[in-house]
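With compact mmCIF, C-alpha atoms inside, this is start-v4.txt:
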# COMPACT_ATOMS: atom_id res chain seq x y z
CA MET O 200 6.64 28.25 -15.30
CA GLU O 201 7.55 28.68 -18.91
CA LYS O 202 6.64 26.05 -21.43
CA LEU O 203 8.94 23.03 -21.40
CA GLU O 204 9.69 21.67 -24.80
CA SER O 205 11.35 18.55 -26.18
CA SER O 206 11.75 17.57 -29.81
CA PHE O 207 8.32 15.91 -29.89
CA LEU O 208 6.23 17.16 -26.99
CA SER O 209 5.73 20.30 -24.92
CA CYS O 210 4.40 20.80 -21.42
CA ARG O 211 2.83 23.73 -19.58
CA HIS O 212 0.41 24.60 -16.78
CA ILE O 213 -3.27 24.01 -17.35
CA LEU O 214 -5.26 27.16 -18.28
CA PRO O 215 -8.98 27.95 -18.26
CA SER O 216 -8.73 28.33 -22.04
CA ASP O 217 -7.76 24.65 -22.34
CA ASP O 218 -11.40 23.58 -22.01
CA VAL O 219 -11.67 22.20 -25.55
CA ALA O 220 -8.53 20.09 -25.22
CA ILE O 221 -9.61 18.88 -21.79
CA ALA O 222 -13.10 17.95 -23.00
CA GLY O 223 -11.51 15.59 -25.53
CA PHE O 224 -9.52 13.76 -22.87
CA THR O 225 -10.58 10.16 -22.37
CA PRO O 226 -9.21 7.64 -19.90
CA LEU O 227 -6.77 5.17 -21.37
CA ASN O 228 -8.50 2.23 -19.74
CA ASN O 229 -11.20 1.56 -17.21
CA THR O 230 -8.87 2.14 -14.27
CA SER O 231 -8.33 5.81 -14.91
CA GLY O 232 -11.87 7.18 -15.04
CA PHE O 233 -11.10 9.09 -11.87
CA LEU O 234 -8.16 10.76 -13.59
CA ALA O 235 -10.34 12.05 -16.45
CA GLY O 236 -12.86 13.32 -13.89
CA TYR O 237 -10.15 15.12 -11.96
CA LEU O 238 -8.85 16.87 -15.09
CA LYS O 239 -12.28 17.95 -16.25
CA HIS O 240 -13.87 18.97 -12.97
CA VAL O 241 -11.25 19.64 -10.29
CA ALA O 242 -7.85 20.53 -11.77
CA LEU O 243 -8.54 24.21 -12.49
CA LYS O 244 -10.08 24.74 -9.07
CA ASP O 245 -7.07 23.15 -7.38
CA GLU O 246 -4.76 25.32 -9.50
CA ALA O 247 -6.58 28.45 -8.39
CA GLU O 248 -6.30 27.41 -4.76
CA SER O 249 -2.63 26.34 -5.12
CA LYS O 250 -3.41 22.86 -3.88
CA MET O 251 -1.99 21.18 -6.94
CA ARG O 252 -0.12 22.05 -10.10
CA THR O 253 -1.51 20.34 -13.17
CA TYR O 254 0.51 20.21 -16.38
CA LEU O 255 -0.78 19.41 -19.84
CA VAL O 256 1.45 17.71 -22.41
CA PHE O 257 0.85 18.48 -26.09
CA ASP O 258 2.15 16.95 -29.28
CA ASN O 259 4.32 19.55 -31.04
CA ALA O 260 3.41 18.34 -34.52
CA THR O 261 -0.33 17.82 -34.19
CA GLY O 262 -1.28 19.99 -31.20
CA GLU O 263 -3.15 17.06 -29.63
CA LEU O 264 -3.37 16.67 -25.86
CA VAL O 265 -1.10 13.71 -25.07
CA ALA O 266 -1.33 13.44 -21.30
CA TYR O 267 -1.52 15.35 -18.07
CA PHE O 268 0.10 15.09 -14.67
CA SER O 269 -0.35 16.85 -11.33
CA LEU O 270 2.29 17.56 -8.70
CA LYS O 271 2.00 18.69 -5.11
CA ALA O 272 4.33 19.31 -2.21
CA SER O 273 4.18 16.59 0.38
CA LEU O 274 6.12 14.88 3.08
CA VAL O 275 6.76 11.34 4.04
CA SER O 276 6.58 10.92 7.76
CA SER O 277 7.39 8.19 10.15
CA GLU O 278 8.87 7.25 13.47
CA MET O 279 6.20 8.44 15.84
CA ARG O 280 7.40 8.78 19.40
CA ARG O 281 5.96 10.24 22.53
CA HIS O 282 7.60 13.37 23.94
CA PHE O 283 6.03 14.21 27.27
CA PHE O 284 2.40 15.00 26.39
CA SER O 285 2.77 15.21 22.61
CA MET O 286 3.73 12.92 19.74
CA GLN O 287 6.75 13.70 17.62
CA PHE O 288 7.55 12.35 14.19
CA ASP O 289 10.35 12.43 11.66
CA ALA O 290 9.67 13.49 8.06
CA LEU O 291 11.30 13.82 4.67
CA PRO O 292 10.19 16.43 2.11
CA SER O 293 8.76 14.91 -1.03
CA ILE O 294 6.86 15.70 -4.23
CA GLU O 295 3.78 13.62 -4.87
CA ILE O 296 2.82 12.79 -8.43
CA ALA O 297 -0.84 12.84 -7.57
CA ASN O 298 -2.17 12.26 -11.08
CA PHE O 299 -0.55 11.00 -14.25
CA ALA O 300 -2.65 9.86 -17.20
CA ILE O 301 -2.23 9.38 -20.92
CA ASN O 302 -5.04 10.64 -23.15
CA GLY O 303 -6.83 7.59 -24.57
CA THR O 304 -8.00 9.64 -27.56
CA TYR O 305 -4.39 10.39 -28.50
CA LYS O 306 -3.31 6.78 -27.99
CA GLU O 307 -6.18 5.53 -30.15
CA ALA O 308 -5.20 7.96 -32.92
CA HIS O 309 -1.60 6.71 -32.82
CA PRO O 310 -1.75 3.05 -31.78
CA GLY O 311 1.84 2.35 -32.79
CA LEU O 312 3.27 4.77 -30.22
CA LYS O 313 5.13 3.13 -27.35
CA GLY O 314 6.67 4.50 -24.17
CA ILE O 315 4.70 7.76 -23.93
CA GLY O 316 4.58 7.78 -20.14
CA TYR O 317 8.28 7.01 -19.80
CA TYR O 318 9.18 9.80 -22.19
CA ILE O 319 7.00 12.30 -20.30
CA PHE O 320 8.48 11.26 -16.97
CA GLU O 321 12.07 11.52 -18.22
CA HIS O 322 11.68 14.79 -20.11
CA PHE O 323 9.16 16.72 -18.01
CA ILE O 324 8.16 15.31 -14.62
CA TYR O 325 11.61 14.41 -13.32
CA PRO O 326 13.23 17.66 -14.54
CA ILE O 327 10.44 19.73 -12.93
CA CYS O 328 11.06 17.92 -9.64
CA LEU O 329 14.81 18.56 -9.98
CA ASP O 330 14.11 22.25 -10.62
CA ALA O 331 11.98 22.38 -7.47
CA ALA O 332 14.81 20.75 -5.53
CA GLU O 333 17.12 23.57 -6.64
CA ILE O 334 14.96 26.07 -4.77
CA ILE O 335 13.55 24.14 -1.83
CA GLY O 336 14.53 21.00 0.01
CA VAL O 337 13.07 17.95 -1.69
CA ARG O 338 14.49 14.49 -1.25
CA LEU O 339 11.87 12.14 -2.67
CA ILE O 340 9.25 11.72 -5.34
CA HIS O 341 6.38 9.47 -4.43
CA ILE O 342 3.19 8.08 -5.89
CA PHE O 343 0.23 6.06 -4.74
CA ALA O 344 -0.04 3.45 -7.47
CA LEU O 345 -3.19 1.51 -8.25
CA PRO O 346 -2.73 -2.02 -6.92
CA ILE O 347 -2.52 -3.60 -10.38
CA PRO O 348 0.56 -5.84 -10.79
CA ARG O 349 1.22 -4.66 -14.36
CA LEU O 350 1.16 -1.01 -13.23
CA ILE O 351 3.40 -1.66 -10.24
CA GLU O 352 5.87 -3.42 -12.54
CA ASN O 353 5.77 -0.45 -14.92
CA TYR O 354 6.45 2.00 -12.13
CA THR O 355 9.58 0.10 -11.14
CA LYS O 356 10.85 0.86 -14.66
CA TYR O 357 10.33 4.54 -13.82
CA GLY O 358 12.68 3.99 -10.87
CA PHE O 359 10.03 3.74 -8.13
CA ARG O 360 10.47 1.27 -5.29
CA ARG O 361 8.22 -0.19 -2.64
CA LEU O 362 8.84 -0.37 1.07
CA ASP O 363 8.75 -3.82 2.60
CA LYS O 364 5.29 -5.13 3.47
CA LYS O 365 5.21 -4.14 7.12
CA GLN O 366 6.68 -0.70 6.49
CA GLU O 367 4.26 -0.20 3.61
CA LYS O 368 1.24 -0.92 5.76
CA LEU O 369 2.36 1.55 8.40
CA GLU O 370 3.19 4.24 5.85
CA HIS O 371 -0.26 3.84 4.28
CA ASN O 372 -1.85 4.42 7.67
CA GLN O 373 0.17 7.58 8.06
CA ILE O 374 0.08 9.53 4.82
CA ARG O 375 -2.23 7.98 2.27
CA PRO O 376 -5.15 10.24 1.33
CA ARG O 377 -8.63 8.71 1.50
CA TYR O 378 -9.12 8.95 -2.26
CA ASP O 379 -5.99 6.83 -2.71
CA SER O 380 -7.46 4.07 -0.60
CA GLY O 381 -6.13 0.72 -1.76
CA CYS O 382 -3.21 2.28 -3.65
CA ILE O 383 0.42 1.45 -2.97
CA PHE O 384 3.08 3.89 -1.79
CA MET O 385 6.12 3.92 -4.11
CA TYR O 386 9.07 6.28 -3.90
CA GLN O 387 12.39 7.25 -5.43
CA VAL O 388 15.19 9.52 -4.29
CA LEU O 389 15.85 12.61 -6.40
CA ASP O 390 19.32 12.63 -7.91
CA ASN O 391 20.06 16.31 -7.25
CA GLN O 392 23.49 16.07 -5.68
CA MET U 257 -6.25 6.77 -7.41
CA THR U 258 -9.73 5.49 -6.95
CA LYS U 259 -13.19 6.54 -5.96
CA ASP U 260 -15.12 9.62 -6.90
CA TYR U 261 -13.16 12.69 -7.94
CA ASN U 262 -15.28 14.74 -5.54
CA ASP U 263 -13.26 13.11 -2.82
CA VAL U 264 -10.18 14.98 -3.91
CA ASN U 265 -10.45 17.88 -1.54
CA ILE U 266 -10.36 15.72 1.43
CA GLN U 267 -9.13 14.40 4.28
CA TYR U 268 -6.42 12.08 5.01
CA VAL U 269 -7.10 8.95 6.94
CA LYS U 270 -6.38 9.59 10.58
CA PRO U 271 -2.99 8.07 11.22
CA SER U 272 -2.69 5.26 13.60
CA MET U 273 -0.31 6.82 16.08
CA THR U 274 0.47 3.68 17.94
CA ASN U 275 1.26 1.79 14.75
CA LEU U 276 4.09 4.09 13.84
CA LYS U 277 5.82 3.87 17.14
CA GLY U 278 8.68 1.55 17.63
CA ARG U 279 11.15 -0.24 15.45
CA THR U 280 9.14 -0.50 12.23
CA GLY U 281 8.21 3.16 12.26
CA GLN U 282 11.85 4.02 12.75
CA SER U 283 12.96 1.63 10.02
CA ILE U 284 10.81 3.39 7.37
CA ILE U 285 12.62 6.66 7.77
CA GLU U 286 15.96 4.83 7.92
CA THR U 287 15.13 3.02 4.68
CA LEU U 288 14.16 6.25 2.95
CA LYS U 289 17.19 8.15 4.23
CA ALA U 290 19.54 5.38 3.15
CA ALA U 291 17.99 4.96 -0.31
CA LYS U 292 20.12 6.00 -3.27
CA PRO U 293 18.75 7.66 -6.44
CA SER U 294 17.28 5.12 -8.83
CA ASP U 295 19.08 3.90 -11.89
CA HIS U 296 17.14 5.34 -14.84
CA ALA U 297 18.70 3.13 -17.52
CA GLU U 298 15.45 1.20 -17.98
CA LEU U 299 13.45 4.43 -18.01
CA HIS U 300 15.75 5.89 -20.66
CA LYS U 301 15.45 2.74 -22.77
CA MET U 302 11.64 2.88 -22.65
CA SER U 303 11.71 6.61 -23.34
CA GLN U 304 13.79 6.02 -26.46
CA LEU U 305 11.10 3.62 -27.64
CA PHE U 306 8.79 6.62 -27.83
CA GLU U 307 11.28 8.52 -29.97
CA LYS U 308 11.66 5.54 -32.29
CA THR U 309 7.93 5.00 -32.78
CA TYR U 310 6.96 8.68 -32.95
CA ALA U 311 7.99 9.37 -36.54
CA GLU U 312 6.19 6.35 -37.89
CA SER U 313 3.07 6.62 -35.74
CA VAL U 314 2.45 10.36 -35.62
CA LEU U 315 4.21 11.85 -38.61
CA GLY U 316 3.46 8.86 -40.83
CA LYS U 317 7.10 8.44 -41.81
CA LYS U 318 9.09 5.27 -41.97

Will you turn the file into structure tokens for me?
Amino acid sequence: MEKLESSFLSCRHILPSDDVAIAGFTPLNNTSGFLAGYLKHVALKDEAESKMRTYLVFDNATGELVAYFSLKASLVSSEMRRHFFSMQFDALPSIEIANFAINGTYKEAHPGLKGIGYYIFEHFIYPICLDAAEIIGVRLIHIFALPIPRLIENYTKYGFRRLDKKQEKLEHNQIRPRYDSGCIFMYQVLDNQ
Amino acid sequence: MTKDYNDVNIQYVKPSMTNLKGRTGQSIIETLKAAKPSDHAELHKMSQLFEKTYAESVLGKK
């Protein structure tokens, strides 16, 4: 993928040569320590193995690392039913935003900045998902959000919705990875019609 | 996302097959298929907040 650029920020794949920028990444708050660990220790390995695509977002004016996010192909499955001796299920193709974190170092340097995550989602994440949907069938974007009310509320402003309680519980049993234990499935339909 | 990042390469929880059978399992896929794209008006509003605060906060301009 070529570099994506807006008036203020630019976005591209992570590279091995990004080690200095990555080393300076700090979690924004105590809930995202895992996300810093992923970026520093796992992201490049997952890139090499095509398990995940991690994107770094840089400030055009200062060159600082603003944030990173990781995307992977996924599916949302449901409706198990027995068919003779096997189980069948229905599924919808989806893109999982597996990681999304703002760099605490950048935020500390520019405390007056508001809406960084929203801007990145609108200008980079959503357009990348739309591009993917041009080439392959993708209907949904989904996340597993930390079960913090303020975060869940924020994600609704991104356009993400929750299933109802009973559906949510079943969906978690079906597709939630172990490392997302306790997190909440949220989804939105891609507007690619 | 929680737990140790070493957990990343792993393993999904084994699905509960029986749980997804029946009406609720069916209703999830129906809900998702019937869902319309989200209205991004709120997202756009919050995104514009970034543009408004960027000049002052990063470039040091008023």

Spatial neighbours of region 301-305 of chain U, max dist 10 Å, all atoms listed in the file, sep filter under 4 positions, as an MDAnalysis selection string:
(chainID O and resid 312:322 356:357) or (chainID U and resid 296:297 309:310)

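Atom to atom, CA of Ala290 (chain O) and CA of Val275 (chain O) stand 5.4 Å apart.
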
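From CA of Ile327 (chain O) back to CA of Ala235 (chain O), the distance works out to 22.4 Å.
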
Show me as a ChimeraX atom specification the residues that reach within 12 Å of (5.3, 7.8, -38.3), counting only C-alpha atoms and using the file's own coordinates.
/O:260,308-313 /U:306-318

With a distance cut-off of 9 Å and all atoms listed in the file, select the neighbouring residues of Met385 (chain O), excluding the residue or stretch itself and same-chain residues fewer than 4 positions from it, and output the selection as a PyMOL selection string.
chain O and resi 340-344+351+354-355+359-362+367

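The space separating CA of Asn391 (chain O) from CA of Leu329 (chain O) comes to 6.3 Å.
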
Counting only C-alpha atoms, the residue among O:Leu238, O:Ile213, O:Ala222, O:Ile334 that lies closest to chain U is O:Leu238

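Across O:Pro215, O:Gly262, O:Gly303, O:Pro348, the tightest approach to chain U is made by O:Gly262 when counting all atoms listed in the file.
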
Need the shell around Asn302 (chain O): protein/DNA/RNA residues with any atom at most 12 Å away, counting all atoms listed in the file. Skip same-chain ones fewer than 5 positions apart. Format as a VMD selection string?
chain O and resid 220 to 228 231 to 232 234 to 235 238 255 to 258 263 to 268 307 to 310 315 to 316

Show which residues sit within 10 Å of Thr253 (chain O), as an mmCIF file with C-alpha atoms, in the coordinates of the input. Count only C-alpha atoms, and ignore same-chain residues fewer than 4 positions away.
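Listed below is the output, around.cif:
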data_model
loop_
_atom_site.group_PDB
_atom_site.id
_atom_site.type_symbol
_atom_site.label_atom_id
_atom_site.label_comp_id
_atom_site.auth_asym_id
_atom_site.auth_seq_id
_atom_site.Cartn_x
_atom_site.Cartn_y
_atom_site.Cartn_z
ATOM 1 C CA ARG O 211 2.830 23.730 -19.580
ATOM 2 C CA HIS O 212 0.410 24.600 -16.780
ATOM 3 C CA ILE O 213 -3.270 24.010 -17.350
ATOM 4 C CA LEU O 214 -5.260 27.160 -18.280
ATOM 5 C CA LEU O 238 -8.850 16.870 -15.090
ATOM 6 C CA ALA O 242 -7.850 20.530 -11.770
ATOM 7 C CA LEU O 243 -8.540 24.210 -12.490
ATOM 8 C CA ASP O 245 -7.070 23.150 -7.380
ATOM 9 C CA GLU O 246 -4.760 25.320 -9.500
ATOM 10 C CA TYR O 267 -1.520 15.350 -18.070
ATOM 11 C CA PHE O 268 0.100 15.090 -14.670
ATOM 12 C CA SER O 269 -0.350 16.850 -11.330
ATOM 13 C CA LEU O 270 2.290 17.560 -8.700
ATOM 14 C CA LYS O 271 2.000 18.690 -5.110
ATOM 15 C CA ILE O 296 2.820 12.790 -8.430
ATOM 16 C CA ALA O 297 -0.840 12.840 -7.570
ATOM 17 C CA ASN O 298 -2.170 12.260 -11.080
ATOM 18 C CA PHE O 299 -0.550 11.000 -14.250
#

Mind filling out region 285-300 of chain U with N, CA and C atoms and sending it as a PDB file, in the frame of the given file?
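Output saved as part_23.pdb:
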ATOM      1  N   ILE U 285      11.849   5.445   8.018  1.00  0.00           N
ATOM      2  CA  ILE U 285      12.620   6.660   7.770  1.00  0.00           C
ATOM      3  C   ILE U 285      14.091   6.295   7.506  1.00  0.00           C
ATOM      4  N   GLU U 286      14.573   5.266   8.172  1.00  0.00           N
ATOM      5  CA  GLU U 286      15.960   4.830   7.920  1.00  0.00           C
ATOM      6  C   GLU U 286      16.104   4.307   6.493  1.00  0.00           C
ATOM      7  N   THR U 287      15.118   3.548   6.049  1.00  0.00           N
ATOM      8  CA  THR U 287      15.130   3.020   4.680  1.00  0.00           C
ATOM      9  C   THR U 287      15.142   4.165   3.673  1.00  0.00           C
ATOM     10  N   LEU U 288      14.262   5.140   3.901  1.00  0.00           N
ATOM     11  CA  LEU U 288      14.160   6.250   2.950  1.00  0.00           C
ATOM     12  C   LEU U 288      15.414   7.116   2.957  1.00  0.00           C
ATOM     13  N   LYS U 289      15.976   7.318   4.152  1.00  0.00           N
ATOM     14  CA  LYS U 289      17.190   8.150   4.230  1.00  0.00           C
ATOM     15  C   LYS U 289      18.378   7.451   3.586  1.00  0.00           C
ATOM     16  N   ALA U 290      18.403   6.132   3.680  1.00  0.00           N
ATOM     17  CA  ALA U 290      19.540   5.380   3.150  1.00  0.00           C
ATOM     18  C   ALA U 290      19.418   5.113   1.649  1.00  0.00           C
ATOM     19  N   ALA U 291      18.209   5.305   1.104  1.00  0.00           N
ATOM     20  CA  ALA U 291      17.990   4.960  -0.310  1.00  0.00           C
ATOM     21  C   ALA U 291      18.817   5.862  -1.222  1.00  0.00           C
ATOM     22  N   LYS U 292      19.340   5.256  -2.277  1.00  0.00           N
ATOM     23  CA  LYS U 292      20.120   6.000  -3.270  1.00  0.00           C
ATOM     24  C   LYS U 292      19.203   6.354  -4.450  1.00  0.00           C
ATOM     25  N   PRO U 293      19.555   7.361  -5.242  1.00  0.00           N
ATOM     26  CA  PRO U 293      18.750   7.660  -6.440  1.00  0.00           C
ATOM     27  C   PRO U 293      18.654   6.434  -7.347  1.00  0.00           C
ATOM     28  N   SER U 294      17.505   6.294  -7.985  1.00  0.00           N
ATOM     29  CA  SER U 294      17.280   5.120  -8.830  1.00  0.00           C
ATOM     30  C   SER U 294      18.110   5.182 -10.105  1.00  0.00           C
ATOM     31  N   ASP U 295      18.428   4.009 -10.598  1.00  0.00           N
ATOM     32  CA  ASP U 295      19.080   3.900 -11.890  1.00  0.00           C
ATOM     33  C   ASP U 295      18.002   4.077 -12.971  1.00  0.00           C
ATOM     34  N   HIS U 296      18.166   5.057 -13.839  1.00  0.00           N
ATOM     35  CA  HIS U 296      17.140   5.340 -14.840  1.00  0.00           C
ATOM     36  C   HIS U 296      17.476   4.744 -16.204  1.00  0.00           C
ATOM     37  N   ALA U 297      18.333   3.748 -16.232  1.00  0.00           N
ATOM     38  CA  ALA U 297      18.700   3.130 -17.520  1.00  0.00           C
ATOM     39  C   ALA U 297      17.480   2.530 -18.213  1.00  0.00           C
ATOM     40  N   GLU U 298      16.650   1.821 -17.426  1.00  0.00           N
ATOM     41  CA  GLU U 298      15.450   1.200 -17.980  1.00  0.00           C
ATOM     42  C   GLU U 298      14.461   2.272 -18.456  1.00  0.00           C
ATOM     43  N   LEU U 299      14.337   3.315 -17.649  1.00  0.00           N
ATOM     44  CA  LEU U 299      13.450   4.430 -18.010  1.00  0.00           C
ATOM     45  C   LEU U 299      13.901   5.041 -19.332  1.00  0.00           C
ATOM     46  N   HIS U 300      15.204   5.262 -19.455  1.00  0.00           N
ATOM     47  CA  HIS U 300      15.750   5.890 -20.660  1.00  0.00           C
ATOM     48  C   HIS U 300      15.506   4.995 -21.890  1.00  0.00           C
TER      49      HIS U 300
END
